[in-house]
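**Student:** The file below is final-v9.txt, compact mmCIF, C-alpha atoms:
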```txt
# COMPACT_ATOMS: atom_id res chain seq x y z
CA MET A 1 -22.98 -72.83 -16.01
CA PRO A 2 -24.94 -69.88 -14.68
CA ALA A 3 -23.04 -67.27 -12.70
CA VAL A 4 -23.31 -67.70 -8.96
CA SER A 5 -24.33 -64.61 -7.05
CA ALA A 6 -22.08 -64.73 -4.00
CA GLU A 7 -24.03 -61.91 -2.44
CA ARG A 8 -27.20 -63.97 -2.27
CA GLU A 9 -25.56 -66.72 -0.33
CA VAL A 10 -25.63 -66.67 3.43
CA VAL A 11 -22.19 -65.52 4.50
CA LYS A 12 -21.04 -66.52 7.95
CA MET A 13 -18.62 -64.34 9.86
CA ALA A 14 -15.64 -65.84 11.69
CA ASN A 15 -16.71 -67.90 14.66
CA PRO A 16 -17.40 -65.60 17.61
CA LEU A 17 -15.18 -65.76 20.67
CA PRO A 18 -16.74 -67.81 23.46
CA ASN A 19 -17.08 -64.63 25.55
CA GLU A 20 -17.79 -62.20 22.71
CA GLN A 21 -21.21 -61.14 23.98
CA GLU A 22 -19.69 -60.44 27.41
CA ILE A 23 -17.02 -58.29 25.78
CA TYR A 24 -19.64 -56.21 23.95
CA GLU A 25 -21.60 -55.80 27.18
CA LYS A 26 -18.44 -54.71 29.03
CA ILE A 27 -17.62 -52.19 26.26
CA LYS A 28 -21.12 -50.73 26.51
CA LYS A 29 -21.25 -50.74 30.30
CA GLU A 30 -17.83 -49.17 30.79
CA ASN A 31 -18.23 -46.83 27.84
CA ILE A 32 -14.98 -48.01 26.23
CA THR A 33 -14.42 -45.98 23.06
CA ILE A 34 -11.84 -45.70 20.32
CA HIS A 35 -10.25 -42.31 19.68
CA PRO A 36 -11.68 -40.62 16.54
CA LEU A 37 -8.18 -40.42 15.02
CA VAL A 38 -7.84 -44.19 15.28
CA TRP A 39 -11.28 -44.61 13.71
CA GLN A 40 -10.21 -42.30 10.91
CA LEU A 41 -7.28 -44.61 10.11
CA ILE A 42 -9.39 -47.76 10.40
CA GLU A 43 -12.11 -46.43 8.15
CA HIS A 44 -9.74 -45.09 5.54
CA HIS A 45 -7.53 -48.16 5.24
CA ILE A 46 -9.82 -51.08 5.94
CA ASN A 47 -12.91 -49.73 4.20
CA ASN A 48 -11.00 -48.91 1.01
CA ASP A 49 -9.36 -52.33 0.88
CA LEU A 50 -12.63 -54.15 1.61
CA TYR A 51 -14.39 -52.11 -1.07
CA MET A 52 -11.69 -53.09 -3.59
CA ILE A 53 -11.90 -56.79 -2.68
CA ASN A 54 -15.69 -56.68 -2.99
CA LEU A 55 -15.49 -54.96 -6.37
CA ILE A 56 -12.92 -57.41 -7.75
CA ILE A 57 -14.86 -60.48 -6.67
CA GLY A 58 -18.28 -58.94 -7.34
CA SER A 59 -17.50 -57.87 -10.90
CA THR A 60 -16.00 -61.29 -11.65
CA VAL A 61 -18.90 -63.29 -10.19
CA LEU A 62 -21.64 -61.08 -11.63
CA GLY A 63 -20.00 -61.25 -15.06
CA GLY A 64 -20.00 -65.06 -14.82
CA GLU A 65 -16.23 -65.09 -15.22
CA VAL A 66 -13.42 -66.97 -13.53
CA LEU A 67 -11.11 -64.91 -11.33
CA SER A 68 -7.93 -64.24 -13.30
CA GLU A 69 -4.52 -64.68 -11.70
CA GLU A 70 -3.95 -60.93 -11.98
CA ASN A 71 -7.14 -60.15 -10.07
CA ALA A 72 -6.50 -62.91 -7.53
CA ARG A 73 -3.15 -61.25 -6.85
CA LYS A 74 -4.95 -57.93 -6.34
CA VAL A 75 -7.22 -59.57 -3.75
CA ILE A 76 -4.15 -60.92 -1.94
CA LYS A 77 -2.50 -57.49 -2.13
CA HIS A 78 -5.50 -55.74 -0.55
CA SER A 79 -5.82 -58.46 2.12
CA ASN A 80 -2.13 -58.01 2.95
CA GLU A 81 -2.61 -54.26 3.14
CA ILE A 82 -5.30 -54.80 5.79
CA LYS A 83 -2.95 -57.09 7.71
CA ASP A 84 -0.03 -54.60 7.46
CA PHE A 85 -2.27 -51.74 8.54
CA LEU A 86 -3.50 -53.69 11.59
CA GLU A 87 0.11 -54.43 12.54
CA ARG A 88 1.06 -50.73 12.24
CA LEU A 89 -2.00 -49.78 14.27
CA TRP A 90 -1.18 -52.37 16.92
CA LYS A 91 2.42 -51.04 17.23
CA ALA A 92 1.16 -47.46 17.49
CA THR A 93 -1.58 -48.12 20.03
CA LYS A 94 -0.45 -51.09 22.15
CA PRO A 95 -0.45 -50.51 25.89
CA ALA A 96 3.02 -49.86 27.37
CA ASP A 97 2.93 -53.04 29.48
CA VAL A 98 2.39 -55.43 26.54
CA MET B 1 -36.90 -48.17 -30.64
CA PRO B 2 -33.93 -49.18 -28.46
CA ARG B 3 -33.89 -47.67 -25.00
CA LYS B 4 -31.28 -44.97 -24.53
CA LYS B 5 -28.35 -46.16 -22.40
CA MET B 6 -27.95 -44.51 -19.03
CA LYS B 7 -24.62 -42.64 -18.92
CA LEU B 8 -22.52 -43.06 -15.80
CA LEU B 9 -19.32 -41.23 -14.89
CA ILE B 10 -17.11 -42.72 -12.16
CA VAL B 11 -14.69 -40.41 -10.40
CA ASP B 12 -12.13 -42.04 -8.11
CA ASP B 13 -8.38 -41.52 -7.76
CA GLU B 14 -7.89 -45.30 -7.46
CA LYS B 15 -7.55 -46.60 -11.02
CA ASP B 16 -8.55 -50.11 -9.95
CA ILE B 17 -11.79 -48.88 -8.40
CA CYS B 18 -12.61 -47.09 -11.67
CA SER B 19 -11.93 -50.21 -13.77
CA PHE B 20 -13.93 -52.61 -11.62
CA VAL B 21 -16.92 -50.28 -11.16
CA LYS B 22 -16.82 -49.67 -14.94
CA MET B 23 -16.87 -53.41 -15.57
CA LEU B 24 -19.79 -53.89 -13.18
CA PHE B 25 -22.03 -51.26 -14.73
CA ARG B 26 -21.13 -52.12 -18.34
CA GLN B 27 -22.38 -55.61 -17.58
CA LYS B 28 -25.64 -53.95 -16.50
CA GLY B 29 -26.01 -52.04 -19.75
CA PHE B 30 -24.78 -48.61 -18.70
CA LEU B 31 -22.52 -46.46 -20.87
CA VAL B 32 -19.60 -45.86 -18.49
CA ARG B 33 -16.63 -43.51 -18.42
CA SER B 34 -14.21 -42.77 -15.60
CA ALA B 35 -11.87 -40.06 -14.35
CA ILE B 36 -9.11 -40.19 -11.75
CA SER B 37 -9.07 -36.50 -10.78
CA GLY B 38 -11.51 -33.66 -10.33
CA SER B 39 -10.27 -31.67 -13.32
CA GLN B 40 -10.37 -34.76 -15.56
CA ALA B 41 -13.92 -35.47 -14.33
CA ILE B 42 -15.09 -31.98 -15.30
CA SER B 43 -13.56 -32.30 -18.75
CA VAL B 44 -15.01 -35.83 -19.35
CA ALA B 45 -18.42 -34.68 -18.09
CA LYS B 46 -18.52 -31.81 -20.61
CA LYS B 47 -18.29 -34.29 -23.50
CA LEU B 48 -20.22 -37.20 -21.99
CA ARG B 49 -23.03 -35.25 -20.32
CA PRO B 50 -23.62 -38.08 -17.82
CA ASP B 51 -26.97 -38.91 -16.25
CA ILE B 52 -25.29 -40.07 -13.04
CA VAL B 53 -21.91 -39.28 -11.50
CA LEU B 54 -20.46 -41.61 -8.87
CA LEU B 55 -18.07 -39.27 -7.11
CA ASP B 56 -15.41 -40.01 -4.48
CA ILE B 57 -15.23 -37.24 -1.90
CA HIS B 58 -11.58 -37.71 -0.95
CA LEU B 59 -9.73 -37.19 -4.21
CA LYS B 60 -6.02 -37.07 -3.39
CA ARG B 61 -4.86 -34.21 -5.60
CA GLY B 62 -6.42 -30.92 -6.65
CA LEU B 63 -10.19 -30.56 -6.45
CA THR B 64 -12.08 -32.52 -3.79
CA GLY B 65 -15.25 -34.41 -4.62
CA LEU B 66 -17.30 -31.62 -3.05
CA ASP B 67 -15.52 -29.03 -5.27
CA VAL B 68 -16.30 -31.17 -8.31
CA LEU B 69 -19.93 -31.53 -7.25
CA SER B 70 -20.28 -27.79 -6.83
CA LYS B 71 -18.72 -27.03 -10.24
CA MET B 72 -20.59 -29.76 -12.12
CA LYS B 73 -23.92 -28.72 -10.65
CA GLU B 74 -23.51 -25.35 -12.42
CA THR B 75 -23.00 -26.89 -15.86
CA LEU B 76 -25.01 -30.12 -15.47
CA PRO B 77 -27.85 -29.29 -13.08
CA LEU B 78 -30.05 -32.22 -14.17
CA CYS B 79 -27.36 -34.85 -13.63
CA ARG B 80 -27.67 -36.89 -10.41
CA TYR B 81 -24.64 -37.09 -8.11
CA ILE B 82 -23.89 -40.02 -5.81
CA MET B 83 -21.10 -39.32 -3.33
CA VAL B 84 -18.86 -42.17 -2.17
CA THR B 85 -16.49 -42.00 0.78
CA TRP B 86 -15.02 -43.88 3.74
CA ASP B 87 -15.71 -40.79 5.86
CA LYS B 88 -18.81 -40.98 8.05
CA ALA B 89 -18.45 -37.36 9.22
CA GLN B 90 -21.92 -35.80 9.39
CA GLU B 91 -20.57 -32.43 8.26
CA LYS B 92 -19.41 -33.86 4.91
CA MET B 93 -22.84 -35.47 4.42
CA ARG B 94 -24.58 -32.16 5.18
CA GLN B 95 -22.34 -30.29 2.74
CA ALA B 96 -22.95 -32.87 0.01
CA LYS B 97 -26.71 -32.72 0.57
CA LYS B 98 -26.65 -28.91 0.54
CA LEU B 99 -24.76 -28.98 -2.75
CA GLY B 100 -27.44 -31.23 -4.22
CA ALA B 101 -26.09 -34.79 -3.97
CA ALA B 102 -28.78 -37.42 -4.60
CA ALA B 103 -27.15 -40.00 -2.31
CA TYR B 104 -24.20 -40.42 0.02
CA LEU B 105 -22.57 -43.84 0.32
CA THR B 106 -19.93 -44.92 2.78
CA LYS B 107 -17.32 -47.57 2.02
CA PRO B 108 -17.00 -50.49 2.27
CA LEU B 109 -19.88 -51.00 -0.09
CA THR B 110 -20.94 -54.30 -1.53
CA THR B 111 -21.63 -54.51 -5.24
CA SER B 112 -25.33 -55.12 -4.51
CA GLN B 113 -25.57 -51.97 -2.37
CA LEU B 114 -23.91 -50.00 -5.15
CA PHE B 115 -26.34 -51.39 -7.77
CA LYS B 116 -29.31 -50.76 -5.55
CA VAL B 117 -28.52 -47.08 -5.10
CA VAL B 118 -27.46 -46.43 -8.71
CA ASN B 119 -30.58 -48.25 -9.98
CA ARG B 120 -32.83 -46.26 -7.65
CA VAL B 121 -31.35 -43.02 -8.97
CA ALA B 122 -31.50 -44.30 -12.58
CA ARG B 123 -35.20 -45.25 -12.17
CA GLY B 124 -35.91 -41.72 -10.96
CA ILE B 125 -34.26 -40.32 -14.09
CA GLY B 126 -36.13 -42.82 -16.27
CA ARG B 127 -39.46 -41.71 -14.83
CA LYS B 128 -38.63 -38.06 -15.52
CA ARG B 129 -37.64 -38.90 -19.12
CA GLY B 130 -40.89 -40.79 -19.56
CA ARG B 131 -43.00 -37.76 -18.71
```
Mind turning this structure into structure tokens?

**Tutor:**
Amino acid sequence: MPAVSAEREVVKMANPLPNEQEIYEKIKKENITIHPLVWQLIEHHINNDLYMINLIIGSTVLGGEVLSEENARKVIKHSNEIKDFLERLWKATKPADV
Amino acid sequence: MPRKKMKLLIVDDEKDICSFVKMLFRQKGFLVRSAISGSQAISVAKKLRPDIVLLDIHLKRGLTGLDVLSKMKETLPLCRYIMVTWDKAQEKMRQAKKLGAAAYLTKPLTTSQLFKVVNRVARGIGRKRGR
């Protein structure tokens, strides 16, 4: 069977929130920004983990191979690292009244 | 006569990134080596004499990617350097460009983006060799 190029397929993002467009407009209108230090953490952690996940899946698919259990575990590990990072970030940045 | 393989050196302190990028480009017919530190990269580059170096800017220990770029440029001036980082800071991009980087990529990259840039740089080298 020929290898499937996942990157050629149309990939849909998670369903948008019903008011997502409104949220973006509010952010723009009220100039709501994220502190550069927070961005630094987001970019470092999330981008590295996403890059790894993309490389693991990409090299497997492009090589026409089946994802091994070892590599599947690596994908889970990097996904969990994103989740753990978001939890740490939430704890560090949540508003006092939440 | 068989075409000479393009030699690619990957420098990243994450071993997994090195292995998967190596796998990707071997599948595409490149001769690939990797290094997980700046000093190791310099030593591998001396023997390999790569055509292209894919270089992470934020190496955790010792030399940074920009240090490595600066040192390698002295000994391998014809090699093409592609910088990879999560850092979108304009200053880093300017420094890399000033030091002679051929491209600057920010993570997260998809495999197709990575191929596209490496192939563009490789085609440029191929054209020069053909002259």

**Student:** I need the residue nearest chain B from this list: A:Glu20, A:His35, A:Lys26, A:Gly63. Use only C-alpha atoms for the distance.

**Tutor:**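 For chain B, the nearest of the candidates is A:Gly63.
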
**Student:** If we count all atoms listed in the file and set the cut-off at 6 Å, which residues sit around Lys7 (chain B), ignoring sequence neighbours fewer than 5 positions away in its own chain? Please answer as a count of residues only.

**Tutor:** 5

**Student:** Rounded to one decimal place, report the CA of Val68 (chain B)-CA of Leu105 (chain B) distance in Å.

**Tutor:** 16.6 Å

**Student:** Check which residues of region 31-123 of chain B sit at most 10 Å from region 14-21 of chain B using only C-alpha atoms, and return one row each with the closest pair of atoms and their distance in Å to one decimal, ordered by chain and rising number, as a Markdown table.

**Tutor:**
```
| residue | atom | partner | partner_atom | distance |
| --- | --- | --- | --- | --- |
| B:Val32 | CA | B:Val21 | CA | 9.0 |
| B:Arg33 | CA | B:Cys18 | CA | 8.6 |
| B:Ser34 | CA | B:Cys18 | CA | 6.1 |
| B:Ala35 | CA | B:Cys18 | CA | 7.6 |
| B:Ile36 | CA | B:Lys15 | CA | 6.6 |
| B:Ser37 | CA | B:Glu14 | CA | 9.5 |
| B:Leu54 | CA | B:Val21 | CA | 9.6 |
| B:Asp56 | CA | B:Glu14 | CA | 9.7 |
| B:Leu59 | CA | B:Glu14 | CA | 8.9 |
| B:Lys60 | CA | B:Glu14 | CA | 9.4 |
| B:Thr111 | CA | B:Val21 | CA | 8.7 |
| B:Leu114 | CA | B:Val21 | CA | 9.2 |
```

**Student:** If you measure from CA of Met6 (chain B) to CA of Gln27 (chain B), what distance in Å do you get, rounded to one decimal?

**Tutor:**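 A separation of 12.5 Å between them.
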
**Student:** Could you tell me which of B:Lys98, B:Arg80, B:Lys46, B:His58 comes closest to chain A if we count all atoms listed in the file?

**Tutor:** B:His58

**Student:** Residues near Arg88 (chain A), anyone? I mean within 12 Å using all atoms listed in the file, not counting same-chain ones fewer than 5 positions away, as a PyMOL selection string.

**Tutor:** chain A and resi 38+41-42+45+81-83+93-94

**Student:** Using only C-alpha atoms, which protein or nucleic acid residues come within 9 Å of Ile53 (chain A)? Drop anything in the same chain fewer than 5 positions from it, and give the result as an mmCIF file with C-alpha atoms, in the coordinates of the input.

**Tutor:**
```cif
data_model
loop_
_atom_site.group_PDB
_atom_site.id
_atom_site.type_symbol
_atom_site.label_atom_id
_atom_site.label_comp_id
_atom_site.auth_asym_id
_atom_site.auth_seq_id
_atom_site.Cartn_x
_atom_site.Cartn_y
_atom_site.Cartn_z
ATOM 1 C CA ASN A 48 -11.000 -48.910 1.010
ATOM 2 C CA GLY A 58 -18.280 -58.940 -7.340
ATOM 3 C CA LYS A 74 -4.950 -57.930 -6.340
ATOM 4 C CA VAL A 75 -7.220 -59.570 -3.750
ATOM 5 C CA ILE A 76 -4.150 -60.920 -1.940
ATOM 6 C CA HIS A 78 -5.500 -55.740 -0.550
ATOM 7 C CA SER A 79 -5.820 -58.460 2.120
#
```

**Student:** For chain A against chain B, with a cut-off of 6 Å and counting all atoms listed in the file, what is the closest atom pair and its distance in Å to one decimal for every residue that makes the cut, ordered by chain and number, as JSON lines?

**Tutor:**
```
{"residue": "A:Glu43", "atom": "CA", "partner": "B:Trp86", "partner_atom": "CA", "distance": 5.9}
{"residue": "A:His44", "atom": "CA", "partner": "B:Trp86", "partner_atom": "CA", "distance": 5.7}
{"residue": "A:Asn47", "atom": "CA", "partner": "B:Pro108", "partner_atom": "CA", "distance": 4.6}
{"residue": "A:Leu50", "atom": "CA", "partner": "B:Pro108", "partner_atom": "CA", "distance": 5.7}
{"residue": "A:Tyr51", "atom": "CA", "partner": "B:Pro108", "partner_atom": "CA", "distance": 4.5}
{"residue": "A:Asn54", "atom": "CA", "partner": "B:Thr110", "partner_atom": "CA", "distance": 5.9}
{"residue": "A:Leu55", "atom": "CA", "partner": "B:Phe20", "partner_atom": "CA", "distance": 6.0}
{"residue": "A:Gly58", "atom": "CA", "partner": "B:Thr111", "partner_atom": "CA", "distance": 5.9}
{"residue": "A:Ser59", "atom": "CA", "partner": "B:Leu24", "partner_atom": "CA", "distance": 5.1}
```

**Student:** Please determine, counting only C-alpha atoms, which residue among A:Ala96, A:Leu67, A:Asp49, A:Leu37 has the shortest atom-to-atom distance to Asn80 (chain A).

**Tutor:**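 The answer is A:Asp49, which sits nearest to Asn80 (chain A).
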
**Student:** Would you pull region 28-49 of chain B out of the block just shown and save N, CA and C atoms as a PDB file, in the first residue's frame?

**Tutor:**
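In the end it all went to part-v6.pdb:
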```pdb
ATOM      1  N   LYS B  28      15.121  10.691   1.981  1.00  0.00           N
ATOM      2  CA  LYS B  28      15.144  11.560   0.804  1.00  0.00           C
ATOM      3  C   LYS B  28      16.492  11.524   0.082  1.00  0.00           C
ATOM      4  N   GLY B  29      17.362  10.632   0.517  1.00  0.00           N
ATOM      5  CA  GLY B  29      18.617  10.432  -0.196  1.00  0.00           C
ATOM      6  C   GLY B  29      19.782  11.303   0.252  1.00  0.00           C
ATOM      7  N   PHE B  30      19.646  11.947   1.383  1.00  0.00           N
ATOM      8  CA  PHE B  30      20.760  12.750   1.899  1.00  0.00           C
ATOM      9  C   PHE B  30      21.706  11.848   2.706  1.00  0.00           C
ATOM     10  N   LEU B  31      22.957  12.251   2.807  1.00  0.00           N
ATOM     11  CA  LEU B  31      23.888  11.604   3.726  1.00  0.00           C
ATOM     12  C   LEU B  31      23.803  12.447   4.998  1.00  0.00           C
ATOM     13  N   VAL B  32      23.365  11.847   6.100  1.00  0.00           N
ATOM     14  CA  VAL B  32      23.060  12.644   7.293  1.00  0.00           C
ATOM     15  C   VAL B  32      23.874  12.236   8.512  1.00  0.00           C
ATOM     16  N   ARG B  33      24.378  13.213   9.224  1.00  0.00           N
ATOM     17  CA  ARG B  33      25.028  13.002  10.518  1.00  0.00           C
ATOM     18  C   ARG B  33      24.393  13.967  11.510  1.00  0.00           C
ATOM     19  N   SER B  34      24.589  13.697  12.809  1.00  0.00           N
ATOM     20  CA  SER B  34      24.020  14.621  13.789  1.00  0.00           C
ATOM     21  C   SER B  34      24.978  14.864  14.936  1.00  0.00           C
ATOM     22  N   ALA B  35      24.717  15.934  15.672  1.00  0.00           N
ATOM     23  CA  ALA B  35      25.522  16.275  16.850  1.00  0.00           C
ATOM     24  C   ALA B  35      24.595  16.892  17.882  1.00  0.00           C
ATOM     25  N   ILE B  36      24.885  16.606  19.173  1.00  0.00           N
ATOM     26  CA  ILE B  36      23.975  17.107  20.212  1.00  0.00           C
ATOM     27  C   ILE B  36      24.574  18.272  21.008  1.00  0.00           C
ATOM     28  N   SER B  37      25.735  18.755  20.578  1.00  0.00           N
ATOM     29  CA  SER B  37      26.315  19.947  21.223  1.00  0.00           C
ATOM     30  C   SER B  37      27.111  20.722  20.188  1.00  0.00           C
ATOM     31  N   GLY B  38      27.429  21.964  20.539  1.00  0.00           N
ATOM     32  CA  GLY B  38      28.178  22.802  19.610  1.00  0.00           C
ATOM     33  C   GLY B  38      29.565  22.256  19.332  1.00  0.00           C
ATOM     34  N   SER B  39      30.259  21.810  20.401  1.00  0.00           N
ATOM     35  CA  SER B  39      31.629  21.321  20.190  1.00  0.00           C
ATOM     36  C   SER B  39      31.622  20.031  19.361  1.00  0.00           C
ATOM     37  N   GLN B  40      30.634  19.171  19.629  1.00  0.00           N
ATOM     38  CA  GLN B  40      30.535  17.933  18.838  1.00  0.00           C
ATOM     39  C   GLN B  40      30.248  18.272  17.363  1.00  0.00           C
ATOM     40  N   ALA B  41      29.410  19.281  17.157  1.00  0.00           N
ATOM     41  CA  ALA B  41      29.053  19.684  15.784  1.00  0.00           C
ATOM     42  C   ALA B  41      30.297  20.134  15.022  1.00  0.00           C
ATOM     43  N   ILE B  42      31.137  20.919  15.695  1.00  0.00           N
ATOM     44  CA  ILE B  42      32.355  21.419  15.027  1.00  0.00           C
ATOM     45  C   ILE B  42      33.269  20.249  14.662  1.00  0.00           C
ATOM     46  N   SER B  43      33.390  19.302  15.589  1.00  0.00           N
ATOM     47  CA  SER B  43      34.264  18.165  15.318  1.00  0.00           C
ATOM     48  C   SER B  43      33.692  17.268  14.197  1.00  0.00           C
ATOM     49  N   VAL B  44      32.381  17.026  14.201  1.00  0.00           N
ATOM     50  CA  VAL B  44      31.764  16.199  13.131  1.00  0.00           C
ATOM     51  C   VAL B  44      31.899  16.920  11.786  1.00  0.00           C
ATOM     52  N   ALA B  45      31.700  18.235  11.802  1.00  0.00           N
ATOM     53  CA  ALA B  45      31.746  19.009  10.554  1.00  0.00           C
ATOM     54  C   ALA B  45      33.130  18.972   9.901  1.00  0.00           C
ATOM     55  N   LYS B  46      34.181  18.917  10.745  1.00  0.00           N
ATOM     56  CA  LYS B  46      35.547  18.866  10.196  1.00  0.00           C
ATOM     57  C   LYS B  46      35.743  17.629   9.332  1.00  0.00           C
ATOM     58  N   LYS B  47      35.187  16.495   9.813  1.00  0.00           N
ATOM     59  CA  LYS B  47      35.339  15.235   9.065  1.00  0.00           C
ATOM     60  C   LYS B  47      34.346  15.155   7.911  1.00  0.00           C
ATOM     61  N   LEU B  48      33.100  15.521   8.197  1.00  0.00           N
ATOM     62  CA  LEU B  48      32.029  15.342   7.209  1.00  0.00           C
ATOM     63  C   LEU B  48      32.080  16.357   6.066  1.00  0.00           C
ATOM     64  N   ARG B  49      32.469  17.568   6.391  1.00  0.00           N
ATOM     65  CA  ARG B  49      32.428  18.699   5.455  1.00  0.00           C
ATOM     66  C   ARG B  49      31.027  18.778   4.808  1.00  0.00           C
TER      67      ARG B  49
END
```
